[in-house]
$ cat my_file-v8.cif   # mmCIF, C-alpha atoms and all ligand atoms
data_my_file
#
loop_
_atom_site.label_atom_id
_atom_site.label_comp_id
_atom_site.auth_asym_id
_atom_site.auth_seq_id
_atom_site.Cartn_x
_atom_site.Cartn_y
_atom_site.Cartn_z
CA MET A 1 1.32 21.37 -9.41
CA THR A 2 1.28 18.00 -7.56
CA ALA A 3 4.48 18.96 -5.77
CA GLU A 4 2.89 22.20 -4.56
CA PHE A 5 -0.24 20.57 -3.18
CA PRO A 6 0.40 19.64 0.49
CA ILE A 7 -1.06 16.18 0.13
CA GLU A 8 0.59 14.69 3.23
CA ALA A 9 -0.57 17.60 5.41
CA VAL A 10 -4.07 17.27 3.92
CA ARG A 11 -4.21 13.53 4.59
CA ALA A 12 -3.03 14.02 8.16
CA LYS A 13 -6.17 16.09 8.76
CA PHE A 14 -8.43 13.10 7.90
CA PRO A 15 -7.91 10.48 10.65
CA ALA A 16 -10.09 7.90 8.86
CA LEU A 17 -7.47 7.55 6.12
CA GLU A 18 -4.76 6.34 8.50
CA ARG A 19 -7.14 4.22 10.59
CA ALA A 20 -8.42 2.37 7.51
CA LYS A 21 -5.00 1.52 6.07
CA PRO A 22 -4.36 -0.28 3.79
CA PHE A 23 -7.96 0.38 2.64
CA VAL A 24 -8.27 2.98 -0.14
CA TYR A 25 -11.29 5.30 -0.19
CA PHE A 26 -12.19 5.56 -3.88
CA ASP A 27 -16.00 5.77 -3.42
CA ASN A 28 -16.09 9.39 -2.30
CA ALA A 29 -19.04 10.35 -4.50
CA ALA A 30 -21.14 8.22 -2.16
CA GLY A 31 -19.77 10.08 0.85
CA ALA A 32 -16.38 11.52 1.81
CA GLN A 33 -14.30 11.24 4.98
CA LEU A 34 -14.23 13.98 7.62
CA PRO A 35 -11.34 16.15 8.82
CA GLN A 36 -10.57 16.10 12.55
CA ASN A 37 -12.02 19.57 13.14
CA VAL A 38 -15.39 18.36 11.79
CA LEU A 39 -15.32 15.32 14.08
CA ASP A 40 -14.46 17.64 16.99
CA ALA A 41 -17.30 20.02 16.16
CA VAL A 42 -19.87 17.20 16.07
CA ALA A 43 -18.57 15.68 19.31
CA ARG A 44 -18.44 19.07 21.05
CA HIS A 45 -22.00 19.80 20.04
CA LEU A 46 -23.25 16.47 21.38
CA LEU A 47 -21.23 16.74 24.58
CA ASP A 48 -21.79 20.37 25.47
CA ILE A 49 -24.88 21.78 23.77
CA ASN A 50 -27.12 18.88 22.78
CA VAL A 51 -30.35 20.78 23.53
CA GLN A 52 -33.21 22.28 21.53
CA ARG A 53 -32.72 25.75 20.06
CA GLY A 54 -34.87 28.72 21.03
CA GLY A 55 -34.68 28.25 24.81
CA ARG A 56 -33.94 30.96 27.37
CA TYR A 57 -30.87 29.27 28.86
CA GLU A 58 -27.28 29.64 27.75
CA LYS A 59 -26.80 26.22 26.11
CA SER A 60 -29.86 26.73 23.96
CA ARG A 61 -28.67 30.20 23.02
CA GLU A 62 -25.38 28.65 22.01
CA VAL A 63 -27.25 26.32 19.63
CA ASP A 64 -28.97 29.38 18.12
CA ARG A 65 -25.58 31.04 17.66
CA MET A 66 -24.09 27.88 16.14
CA ILE A 67 -26.89 27.70 13.55
CA ALA A 68 -26.52 31.41 12.74
CA THR A 69 -22.76 30.97 12.33
CA ALA A 70 -23.25 27.91 10.12
CA ARG A 71 -25.57 29.92 7.86
CA GLU A 72 -22.98 32.70 7.62
CA LYS A 73 -20.23 30.23 6.77
CA VAL A 74 -22.27 28.44 4.12
CA ALA A 75 -23.15 31.88 2.69
CA VAL A 76 -19.43 32.64 2.36
CA TRP A 77 -18.77 29.22 0.83
CA LEU A 78 -21.46 29.75 -1.81
CA ASN A 79 -20.92 33.52 -2.14
CA ALA A 80 -24.59 33.99 -1.24
CA GLY A 81 -26.05 37.47 -0.86
CA ASP A 82 -27.45 36.76 2.61
CA PRO A 83 -27.27 33.93 5.22
CA SER A 84 -31.10 33.83 5.36
CA GLU A 85 -31.00 32.34 1.86
CA ILE A 86 -29.68 29.06 3.31
CA ALA A 87 -32.02 26.40 4.74
CA PHE A 88 -30.72 23.30 6.55
CA GLY A 89 -32.28 19.86 6.39
CA MET A 90 -31.92 16.16 5.79
CA ASN A 91 -30.49 15.77 2.29
CA ALA A 92 -30.57 17.12 -1.26
CA THR A 93 -33.39 14.90 -2.50
CA SER A 94 -35.87 16.12 0.10
CA PHE A 95 -35.02 19.74 -0.75
CA ILE A 96 -35.44 19.19 -4.49
CA ARG A 97 -38.81 17.61 -3.72
CA LEU A 98 -39.75 20.49 -1.44
CA VAL A 99 -38.98 23.09 -4.11
CA SER A 100 -40.65 21.04 -6.85
CA ILE A 101 -43.84 20.61 -4.83
CA ALA A 102 -43.92 24.36 -4.15
CA ILE A 103 -43.26 25.29 -7.79
CA GLY A 104 -45.83 22.69 -8.84
CA GLN A 105 -48.47 24.83 -7.15
CA THR A 106 -47.59 27.83 -9.31
CA ILE A 107 -47.67 26.23 -12.77
CA GLU A 108 -49.66 28.18 -15.36
CA PRO A 109 -50.91 26.55 -18.59
CA GLY A 110 -48.93 28.96 -20.78
CA ARG A 111 -45.68 28.43 -18.86
CA ASN A 112 -45.58 24.80 -17.84
CA GLU A 113 -42.42 23.36 -19.43
CA PHE A 114 -39.63 21.96 -17.29
CA VAL A 115 -36.26 21.28 -18.92
CA ILE A 116 -34.56 18.25 -17.36
CA THR A 117 -31.49 16.29 -18.47
CA ASP A 118 -30.60 12.68 -19.13
CA LEU A 119 -27.23 13.19 -17.40
CA ASP A 120 -28.62 13.97 -13.95
CA HIS A 121 -28.99 11.88 -10.81
CA ASP A 122 -32.62 10.76 -10.62
CA ALA A 123 -33.05 12.90 -7.48
CA ASN A 124 -33.07 15.84 -9.89
CA VAL A 125 -35.23 14.15 -12.53
CA ALA A 126 -37.93 12.02 -10.87
CA THR A 127 -38.72 14.86 -8.44
CA TRP A 128 -39.67 17.11 -11.38
CA LEU A 129 -41.39 14.36 -13.39
CA ALA A 130 -43.68 13.94 -10.37
CA LEU A 131 -45.21 17.32 -11.32
CA LYS A 132 -47.00 15.83 -14.33
CA ARG A 133 -50.30 15.73 -12.44
CA ALA A 134 -49.84 19.40 -11.58
CA GLY A 135 -49.83 20.20 -15.32
CA ALA A 136 -46.10 20.16 -16.00
CA ALA A 137 -44.73 19.18 -19.42
CA PHE A 138 -41.15 18.00 -19.83
CA VAL A 139 -38.44 18.82 -22.33
CA TRP A 140 -35.28 16.70 -22.33
CA TRP A 141 -31.90 18.38 -22.65
CA LYS A 142 -29.82 15.47 -23.85
CA MET A 143 -26.13 14.99 -23.32
CA ARG A 144 -23.96 14.38 -26.37
CA ASP A 145 -22.04 11.17 -26.89
CA ASP A 146 -19.01 12.60 -25.09
CA GLY A 147 -21.07 12.66 -21.87
CA LYS A 148 -21.44 16.44 -21.79
CA LEU A 149 -24.35 18.87 -21.87
CA TYR A 150 -23.91 21.60 -24.50
CA ILE A 151 -25.54 24.99 -24.18
CA GLU A 152 -26.15 25.06 -27.98
CA ASP A 153 -28.45 22.07 -27.48
CA LEU A 154 -30.35 23.80 -24.68
CA LEU A 155 -31.10 27.07 -26.50
CA PRO A 156 -33.60 25.65 -29.06
CA LEU A 157 -35.51 23.96 -26.20
CA LEU A 158 -36.28 27.25 -24.46
CA SER A 159 -39.30 29.46 -25.05
CA HIS A 160 -41.85 31.65 -23.27
CA LYS A 161 -43.39 28.35 -22.11
CA THR A 162 -40.29 27.35 -20.09
CA ARG A 163 -41.03 27.52 -16.36
CA LEU A 164 -37.74 26.12 -15.07
CA VAL A 165 -34.45 24.58 -16.25
CA THR A 166 -32.75 22.15 -13.91
CA CYS A 167 -29.39 20.43 -14.22
CA THR A 168 -26.38 19.28 -12.30
CA ALA A 169 -23.18 21.32 -12.03
CA VAL A 170 -21.14 18.17 -12.67
CA SER A 171 -22.11 14.59 -13.40
CA HIS A 172 -21.91 12.33 -10.33
CA ALA A 173 -21.37 9.40 -12.72
CA LEU A 174 -19.27 10.64 -15.66
CA GLY A 175 -17.56 13.58 -13.95
CA SER A 176 -18.35 16.04 -16.76
CA LEU A 177 -18.70 19.71 -15.80
CA VAL A 178 -21.59 21.89 -16.99
CA ASP A 179 -21.36 25.59 -17.90
CA VAL A 180 -23.94 26.57 -15.29
CA ALA A 181 -23.59 30.34 -15.70
CA ALA A 182 -24.53 29.95 -19.38
CA VAL A 183 -27.52 27.77 -18.38
CA ALA A 184 -28.75 30.45 -15.96
CA ARG A 185 -28.32 33.20 -18.58
CA ALA A 186 -30.22 31.21 -21.17
CA SER A 187 -32.99 30.32 -18.70
CA HIS A 188 -33.45 33.92 -17.61
CA SER A 189 -33.47 35.15 -21.20
CA VAL A 190 -36.87 33.45 -21.63
CA GLY A 191 -38.12 34.33 -18.13
CA ALA A 192 -37.53 30.85 -16.68
CA GLU A 193 -35.94 29.96 -13.34
CA MET A 194 -32.83 27.84 -12.99
CA PHE A 195 -32.38 25.09 -10.39
CA LEU A 196 -28.91 23.67 -9.80
CA ASP A 197 -27.94 20.31 -8.30
CA CYS A 198 -24.56 21.07 -6.77
CA VAL A 199 -24.29 17.87 -4.72
CA HIS A 200 -21.44 16.33 -6.65
CA TYR A 201 -19.72 19.62 -7.44
CA GLY A 202 -19.33 20.88 -3.85
CA PRO A 203 -16.15 18.98 -2.88
CA HIS A 204 -14.39 19.61 -6.20
CA ALA A 205 -14.52 23.27 -7.21
CA LEU A 206 -15.56 26.81 -6.30
CA ILE A 207 -19.27 27.55 -5.95
CA ASP A 208 -20.35 31.12 -6.73
CA VAL A 209 -24.10 31.58 -6.80
CA GLN A 210 -23.82 35.31 -7.55
CA ALA A 211 -21.50 34.85 -10.52
CA TRP A 212 -23.55 31.92 -11.81
CA ASP A 213 -26.84 33.74 -11.14
CA CYS A 214 -28.80 30.53 -10.61
CA ASP A 215 -32.07 30.74 -8.63
CA TYR A 216 -31.86 27.66 -6.40
CA LEU A 217 -29.07 25.28 -5.48
CA VAL A 218 -28.86 22.11 -3.37
CA CYS A 219 -25.83 20.50 -1.74
CA SER A 220 -25.24 17.50 0.52
CA GLY A 221 -22.78 17.90 3.39
CA TYR A 222 -21.70 14.28 3.36
CA LYS A 223 -20.08 14.60 -0.08
CA ALA A 224 -18.19 17.70 1.02
CA PHE A 225 -16.31 16.49 4.13
CA ALA A 226 -19.23 17.14 6.49
CA PRO A 227 -21.70 14.68 8.11
CA HIS A 228 -25.01 13.51 6.65
CA MET A 229 -27.14 16.60 6.05
CA GLY A 230 -28.22 18.77 3.15
CA PHE A 231 -29.02 22.39 2.47
CA LEU A 232 -30.92 24.51 0.03
CA TRP A 233 -29.85 27.94 -1.13
CA GLY A 234 -32.25 30.17 -3.03
CA LYS A 235 -32.30 33.82 -4.06
CA ARG A 236 -34.19 35.56 -1.28
CA SER A 237 -36.83 36.91 -3.67
CA ARG A 238 -37.46 33.38 -5.02
CA LEU A 239 -37.68 31.83 -1.55
CA LEU A 240 -40.05 34.57 -0.38
CA ALA A 241 -42.40 33.74 -3.25
CA LEU A 242 -42.21 29.95 -2.80
CA PRO A 243 -45.44 28.50 -1.34
CA THR A 244 -43.94 26.02 1.14
CA PHE A 245 -45.61 24.03 3.88
CA ARG A 246 -45.19 25.58 7.33
CA GLU A 247 -47.05 25.54 10.59
CA GLU A 248 -48.99 28.74 11.31
CA PHE A 249 -46.59 29.91 14.01
CA ILE A 250 -43.52 29.62 11.73
CA PRO A 251 -42.56 33.00 10.16
CA ASP A 252 -43.45 33.18 6.46
CA GLU A 253 -39.91 34.05 5.44
CA PRO A 254 -36.68 32.25 4.60
CA PRO A 255 -35.03 30.26 6.03
CA TYR A 256 -37.80 29.37 8.54
CA LYS A 257 -40.53 28.76 5.94
CA ILE A 258 -38.27 26.13 4.33
CA GLU A 259 -37.16 24.37 7.53
CA ALA A 260 -40.22 22.53 8.86
CA GLY A 261 -39.36 20.65 12.06
CA THR A 262 -36.01 20.07 13.74
CA PHE A 263 -32.93 19.26 11.67
CA ILE A 264 -29.79 17.53 12.91
CA PHE A 265 -27.95 20.30 14.72
CA GLU A 266 -24.70 18.40 15.33
CA ASN A 267 -24.38 17.75 11.61
CA VAL A 268 -24.96 21.42 10.81
CA SER A 269 -22.17 22.16 13.25
CA GLY A 270 -20.04 19.68 11.28
CA MET A 271 -20.93 21.43 8.00
CA SER A 272 -19.81 24.72 9.48
CA ALA A 273 -16.50 23.12 10.51
CA ALA A 274 -16.00 21.64 7.02
CA ILE A 275 -16.04 25.19 5.67
CA ASP A 276 -13.46 26.13 8.32
CA TYR A 277 -11.39 23.27 6.91
CA PHE A 278 -11.54 24.73 3.36
CA GLU A 279 -10.74 28.16 4.75
CA ALA A 280 -7.73 26.89 6.73
CA LEU A 281 -6.42 25.04 3.69
CA GLY A 282 -6.64 28.25 1.65
CA ARG A 283 -4.98 30.25 4.42
CA ASP A 284 -2.06 27.79 4.43
CA LEU A 285 -1.68 27.92 0.65
CA GLY A 286 -2.45 31.55 -0.19
CA PRO A 287 -0.91 34.98 0.38
CA GLN A 288 -0.35 35.70 4.09
CA SER A 289 -1.99 39.11 4.00
CA ALA A 290 -4.30 40.57 6.60
CA LYS A 291 -6.44 41.86 3.73
CA GLN A 292 -7.50 38.31 2.82
CA MET A 293 -11.13 37.59 3.70
CA PRO A 294 -12.57 34.13 4.48
CA ARG A 295 -13.98 33.90 0.94
CA ASP A 296 -10.50 34.63 -0.51
CA HIS A 297 -9.10 31.63 1.40
CA ILE A 298 -11.90 29.43 0.08
CA VAL A 299 -11.15 30.61 -3.47
CA THR A 300 -7.47 29.70 -2.95
CA ALA A 301 -8.32 26.29 -1.47
CA MET A 302 -10.77 25.33 -4.22
CA SER A 303 -8.41 26.45 -6.95
CA ALA A 304 -5.60 24.30 -5.46
CA ILE A 305 -7.99 21.35 -5.08
CA ARG A 306 -9.19 21.75 -8.66
CA SER A 307 -5.67 21.81 -10.02
CA TYR A 308 -4.52 18.80 -7.93
CA GLU A 309 -7.62 16.85 -8.93
CA GLN A 310 -6.77 17.37 -12.61
CA THR A 311 -3.47 15.61 -11.93
CA LEU A 312 -5.48 12.77 -10.35
CA SER A 313 -7.83 12.69 -13.36
CA ARG A 314 -4.91 12.34 -15.78
CA GLY A 315 -3.39 9.55 -13.67
CA LEU A 316 -6.70 7.73 -13.46
CA LEU A 317 -7.45 7.99 -17.19
CA ASP A 318 -3.94 6.74 -18.06
CA ILE A 319 -4.38 3.71 -15.79
CA LEU A 320 -7.81 2.91 -17.22
CA ALA A 321 -6.52 3.20 -20.80
CA ARG A 322 -3.62 0.87 -19.99
CA ALA A 323 -6.03 -1.72 -18.53
CA GLY A 324 -8.16 -1.58 -21.68
CA ALA A 325 -11.23 -0.21 -19.87
CA THR A 326 -14.13 1.46 -21.69
CA VAL A 327 -14.46 4.89 -20.08
CA TYR A 328 -17.84 6.63 -20.41
CA GLY A 329 -17.65 10.38 -20.95
CA VAL A 330 -14.56 12.55 -21.40
CA HIS A 331 -11.62 10.14 -21.50
CA ASP A 332 -8.97 12.18 -23.31
CA ARG A 333 -6.25 13.14 -20.80
CA THR A 334 -5.83 16.52 -22.53
CA ARG A 335 -9.45 17.39 -21.65
CA VAL A 336 -9.27 16.94 -17.86
CA ALA A 337 -10.28 20.60 -17.37
CA GLU A 338 -13.76 19.50 -18.52
CA ARG A 339 -14.17 16.95 -15.74
CA VAL A 340 -13.56 15.99 -12.10
CA PRO A 341 -11.91 12.69 -11.08
CA THR A 342 -15.18 10.74 -11.04
CA VAL A 343 -15.06 8.08 -13.72
CA CYS A 344 -17.48 5.37 -14.85
CA PHE A 345 -16.09 2.50 -16.86
CA ASN A 346 -16.46 -1.15 -17.77
CA LEU A 347 -13.79 -3.78 -18.22
CA GLY A 348 -14.55 -5.86 -21.30
CA ASP A 349 -17.59 -8.01 -20.61
CA LYS A 350 -16.74 -8.52 -16.96
CA HIS A 351 -19.71 -7.91 -14.67
CA PRO A 352 -19.24 -4.55 -12.86
CA ALA A 353 -20.19 -6.21 -9.55
CA GLU A 354 -17.41 -8.76 -10.01
CA VAL A 355 -14.85 -6.03 -10.68
CA VAL A 356 -15.92 -4.20 -7.53
CA GLU A 357 -15.88 -7.39 -5.42
CA LEU A 358 -12.33 -8.14 -6.56
CA MET A 359 -11.30 -4.54 -5.82
CA ALA A 360 -12.75 -4.94 -2.32
CA GLN A 361 -10.54 -7.99 -1.86
CA ALA A 362 -7.60 -5.75 -2.80
CA ASP A 363 -8.76 -3.29 -0.09
CA ILE A 364 -9.98 -0.68 -2.56
CA GLY A 365 -13.53 0.65 -2.07
CA ILE A 366 -15.31 1.53 -5.32
CA ARG A 367 -18.91 1.14 -6.53
CA ASP A 368 -20.92 -0.52 -9.29
CA GLY A 369 -24.48 -0.22 -10.53
CA HIS A 370 -26.82 2.25 -12.19
CA MET A 371 -25.62 5.25 -10.17
CA TYR A 372 -29.26 6.25 -9.56
CA ALA A 373 -29.37 7.50 -13.14
CA PRO A 374 -31.69 5.28 -15.22
CA ARG A 375 -31.83 7.66 -18.21
CA LEU A 376 -28.07 7.93 -18.28
CA MET A 377 -27.72 4.14 -18.20
CA GLY A 378 -30.14 4.00 -21.15
CA ARG A 379 -28.05 6.51 -23.11
CA LEU A 380 -24.88 4.51 -22.42
CA GLY A 381 -26.59 1.27 -23.48
CA LEU A 382 -26.08 -0.22 -20.02
CA ALA A 383 -28.61 -2.46 -18.26
CA MET A 384 -29.92 -1.15 -14.93
CA ASP A 385 -29.03 -4.42 -13.18
CA ARG A 386 -25.40 -4.18 -14.33
CA GLY A 387 -24.55 -0.55 -14.95
CA ALA A 388 -20.90 0.37 -14.70
CA VAL A 389 -18.01 0.60 -12.28
CA ARG A 390 -17.43 4.02 -10.72
CA VAL A 391 -14.24 5.36 -9.18
CA SER A 392 -14.62 8.73 -7.47
CA LEU A 393 -11.63 10.58 -6.09
CA VAL A 394 -11.28 13.71 -3.98
CA HIS A 395 -8.29 15.84 -3.00
CA TYR A 396 -7.07 13.53 -0.22
CA ASN A 397 -6.47 10.72 -2.71
CA THR A 398 -3.03 10.19 -4.20
CA LEU A 399 -1.24 9.07 -7.34
CA ASP A 400 0.17 6.15 -5.30
CA GLU A 401 -3.36 4.99 -4.57
CA ILE A 402 -4.14 5.26 -8.29
CA ASP A 403 -1.11 3.06 -8.98
CA ARG A 404 -2.40 0.46 -6.51
CA PHE A 405 -5.81 0.63 -8.18
CA GLY A 406 -4.14 0.23 -11.60
CA HIS A 407 -2.21 -2.82 -10.47
CA ALA A 408 -5.39 -4.45 -9.14
CA LEU A 409 -7.29 -3.49 -12.29
CA ARG A 410 -4.73 -5.03 -14.62
CA LYS A 411 -4.85 -8.23 -12.56
CA ILE A 412 -8.64 -8.30 -12.77
CA ALA A 413 -8.46 -7.65 -16.52
CA GLY A 414 -6.04 -10.57 -16.79
CA ALA A 415 -3.42 -8.23 -18.20
CA ALA A 416 -0.90 -8.47 -15.33
C1 LIG B 1 -25.61 14.65 -8.20
C2 LIG B 1 -26.45 14.16 -7.06
N1 LIG B 1 -27.63 14.71 -6.83
C3 LIG B 1 -28.42 14.33 -5.82
C4 LIG B 1 -28.04 13.32 -4.98
C5 LIG B 1 -28.92 12.94 -3.84
O1 LIG B 1 -28.38 13.52 -2.68
P1 LIG B 1 -28.94 13.17 -1.23
O2 LIG B 1 -28.44 11.82 -0.89
O3 LIG B 1 -28.32 14.24 -0.35
O4 LIG B 1 -30.40 13.26 -1.27
C6 LIG B 1 -26.80 12.68 -5.17
C7 LIG B 1 -26.40 11.58 -4.31
O5 LIG B 1 -25.55 10.79 -4.60
C8 LIG B 1 -25.99 13.12 -6.23
O6 LIG B 1 -24.79 12.57 -6.47
#
$ encode --input "my_file-v8.cif" --output "structure tokens"
Amino acid sequence: MTAEFPIEAVRAKFPALERAKPFVYFDNAAGAQLPQNVLDAVARHLLDINVQRGGRYEKSREVDRMIATAREKVAVWLNAGDPSEIAFGMNATSFIRLVSIAIGQTIEPGRNEFVITDLDHDANVATWLALKRAGAAFVWWKMRDDGKLYIEDLLPLLSHKTRLVTCTAVSHALGSLVDVAAVARASHSVGAEMFLDCVHYGPHALIDVQAWDCDYLVCSGYKAFAPHMGFLWGKRSRLLALPTFREEFIPDEPPYKIEAGTFIFENVSGMSAAIDYFEALGRDLGPQSAKQMPRDHIVTAMSAIRSYEQTLSRGLLDILARAGATVYGVHDRTRVAERVPTVCFNLGDKHPAEVVELMAQADIGIRDGHMYAPRLMGRLGLAMDRGAVRVSLVHYNTLDEIDRFGHALRKIAGAA
């Protein structure tokens, strides 16, 4: 499959990769690079239509149209039922907090349990724990020792008391995928809602909110080849019922009731262009038929990305095994379908910060620390002030870069 993936053409679309050479971007989970068409969209917005929306002059109307188009594109990307189900804003954390505060106002004593996981980023844990004063009780869905969440472990935790189940679609630290459609089914079977953190999943695989049947989902643009921004999707009926803060003159309907204040328009324009990028990639790779719709191209693109990333995962796991690293989570190369190429590891008793410093000297950007996941660190037996080393790849990375990383790693391990 590697041979079929147009890696050189893909890389040529991301100018930052060439400009940074010989630097290797292996810290993509903290933010990915942008294709040229996204850079162009942001620049064009700032140059030509950098005005407030809702005015009676043409430039302002163009901003209105840009926002409407961005909603339509995100709706196609997610397979949402309606563009009004998408709200734009600052980042994922603020949207999780917004939804949790709203849901916190609706907690009833007989249905007050929130299921949270010890695999998640703390943005999707602490935000819910903050509802304790509102009467929420918490039930922990724990990952197993292989770094995965199993639906069989969730089922006994659910009851008529469950108000909401929240989890990630894939671990931003260990890279393990979650069967989110099964989580939604199980949640609904007891009358609970299901909230999905899709921040780390967005750049790696196909999102389908209708097939998954979740109730809410958050994403961050900056992980998915767009600028710094975030968005919330929710089923229209759920968003209509959500008691959010809004000024009196703001319509009491989605998306407006979710979008207090002005968001960063140029970055929304960049998000829209990032979806054009996925669509163009799918158009280049898929059947050249006039019957193909934008969503079909996105399906093609994400399937090619997913397949190529499994090749990267295998390469990365092989290199880590050869260097004698301890990999947390799924580390068997035959199980790469269960993960994305985001890997946390440690190298003997070397301090993770030292490993990352030495990698930086070799012009390879990776990350160390607790990955904003204190419960996960606890489960892995890792101290918060040390944590682990994380390497996070996306589809513009290459096997050659993995080889360079492997060479540097073996040197750091003292094995080369
Ligand atoms: C899985 C996951 N959830 C939530 C967040 C927080 O996202 P944001 O920075 O957009 O608030 C991150 C950020 O790294 C993440 O990886």
$ residues_around --input "my_file-v8.cif" --residues "stretch 232-239 of chain A" --least-positions-apart "6" --cutoff "9 Å" --atoms "all atoms listed in the file" --output "JSON, numbers by chain"
{"A": [75, 78, 80, 81, 82, 84, 85, 86, 87, 88, 89, 92, 95, 96, 195, 209, 213, 214, 215, 216, 217, 218, 219, 253, 254, 255, 257, 258]}
$ atom_distance --input "my_file-v8.cif" --atom1 "atom CA of A:Thr69" --atom2 "atom CA of A:Tyr256"
15.6 Å
$ residues_near_ligand --input "my_file-v8.cif" --ligand "ligand LIG 1 (chain B)" --cutoff "9 Å" --atoms "only C-alpha atoms and all ligand atoms" --output "ChimeraX atom specification"
/A:29-31,90-96,120-124,168-173,197-201,218-223,228-231,371-372
$ residues_around --input "my_file-v8.cif" --residues "stretch 157-161 of chain A" --least-positions-apart "4" --cutoff "10 Å" --atoms "all atoms listed in the file" --output "VMD selection string"
chain A and resid 108 to 115 137 139 to 141 152 to 153 165 186 to 192
$ atom_distance --input "my_file-v8.cif" --atom1 "atom CA of A:His407" --atom2 "atom CA of A:His351"
18.7 Å
$ closest_residue --input "my_file-v8.cif" --among "A:Ile364, A:Met271, A:Leu320, A:Ala184" --to "A:Asp332" --atoms "all atoms listed in the file"
A:Leu320
$ atom_distance --input "my_file-v8.cif" --atom1 "atom CA of A:Trp128" --atom2 "atom CA of A:Ala260"
21.0 Å
$ closest_residue --input "my_file-v8.cif" --among "A:Val51, A:Ile67, A:Leu347, A:Ala102" --to "A:Arg246" --atoms "all atoms listed in the file"
A:Ala102
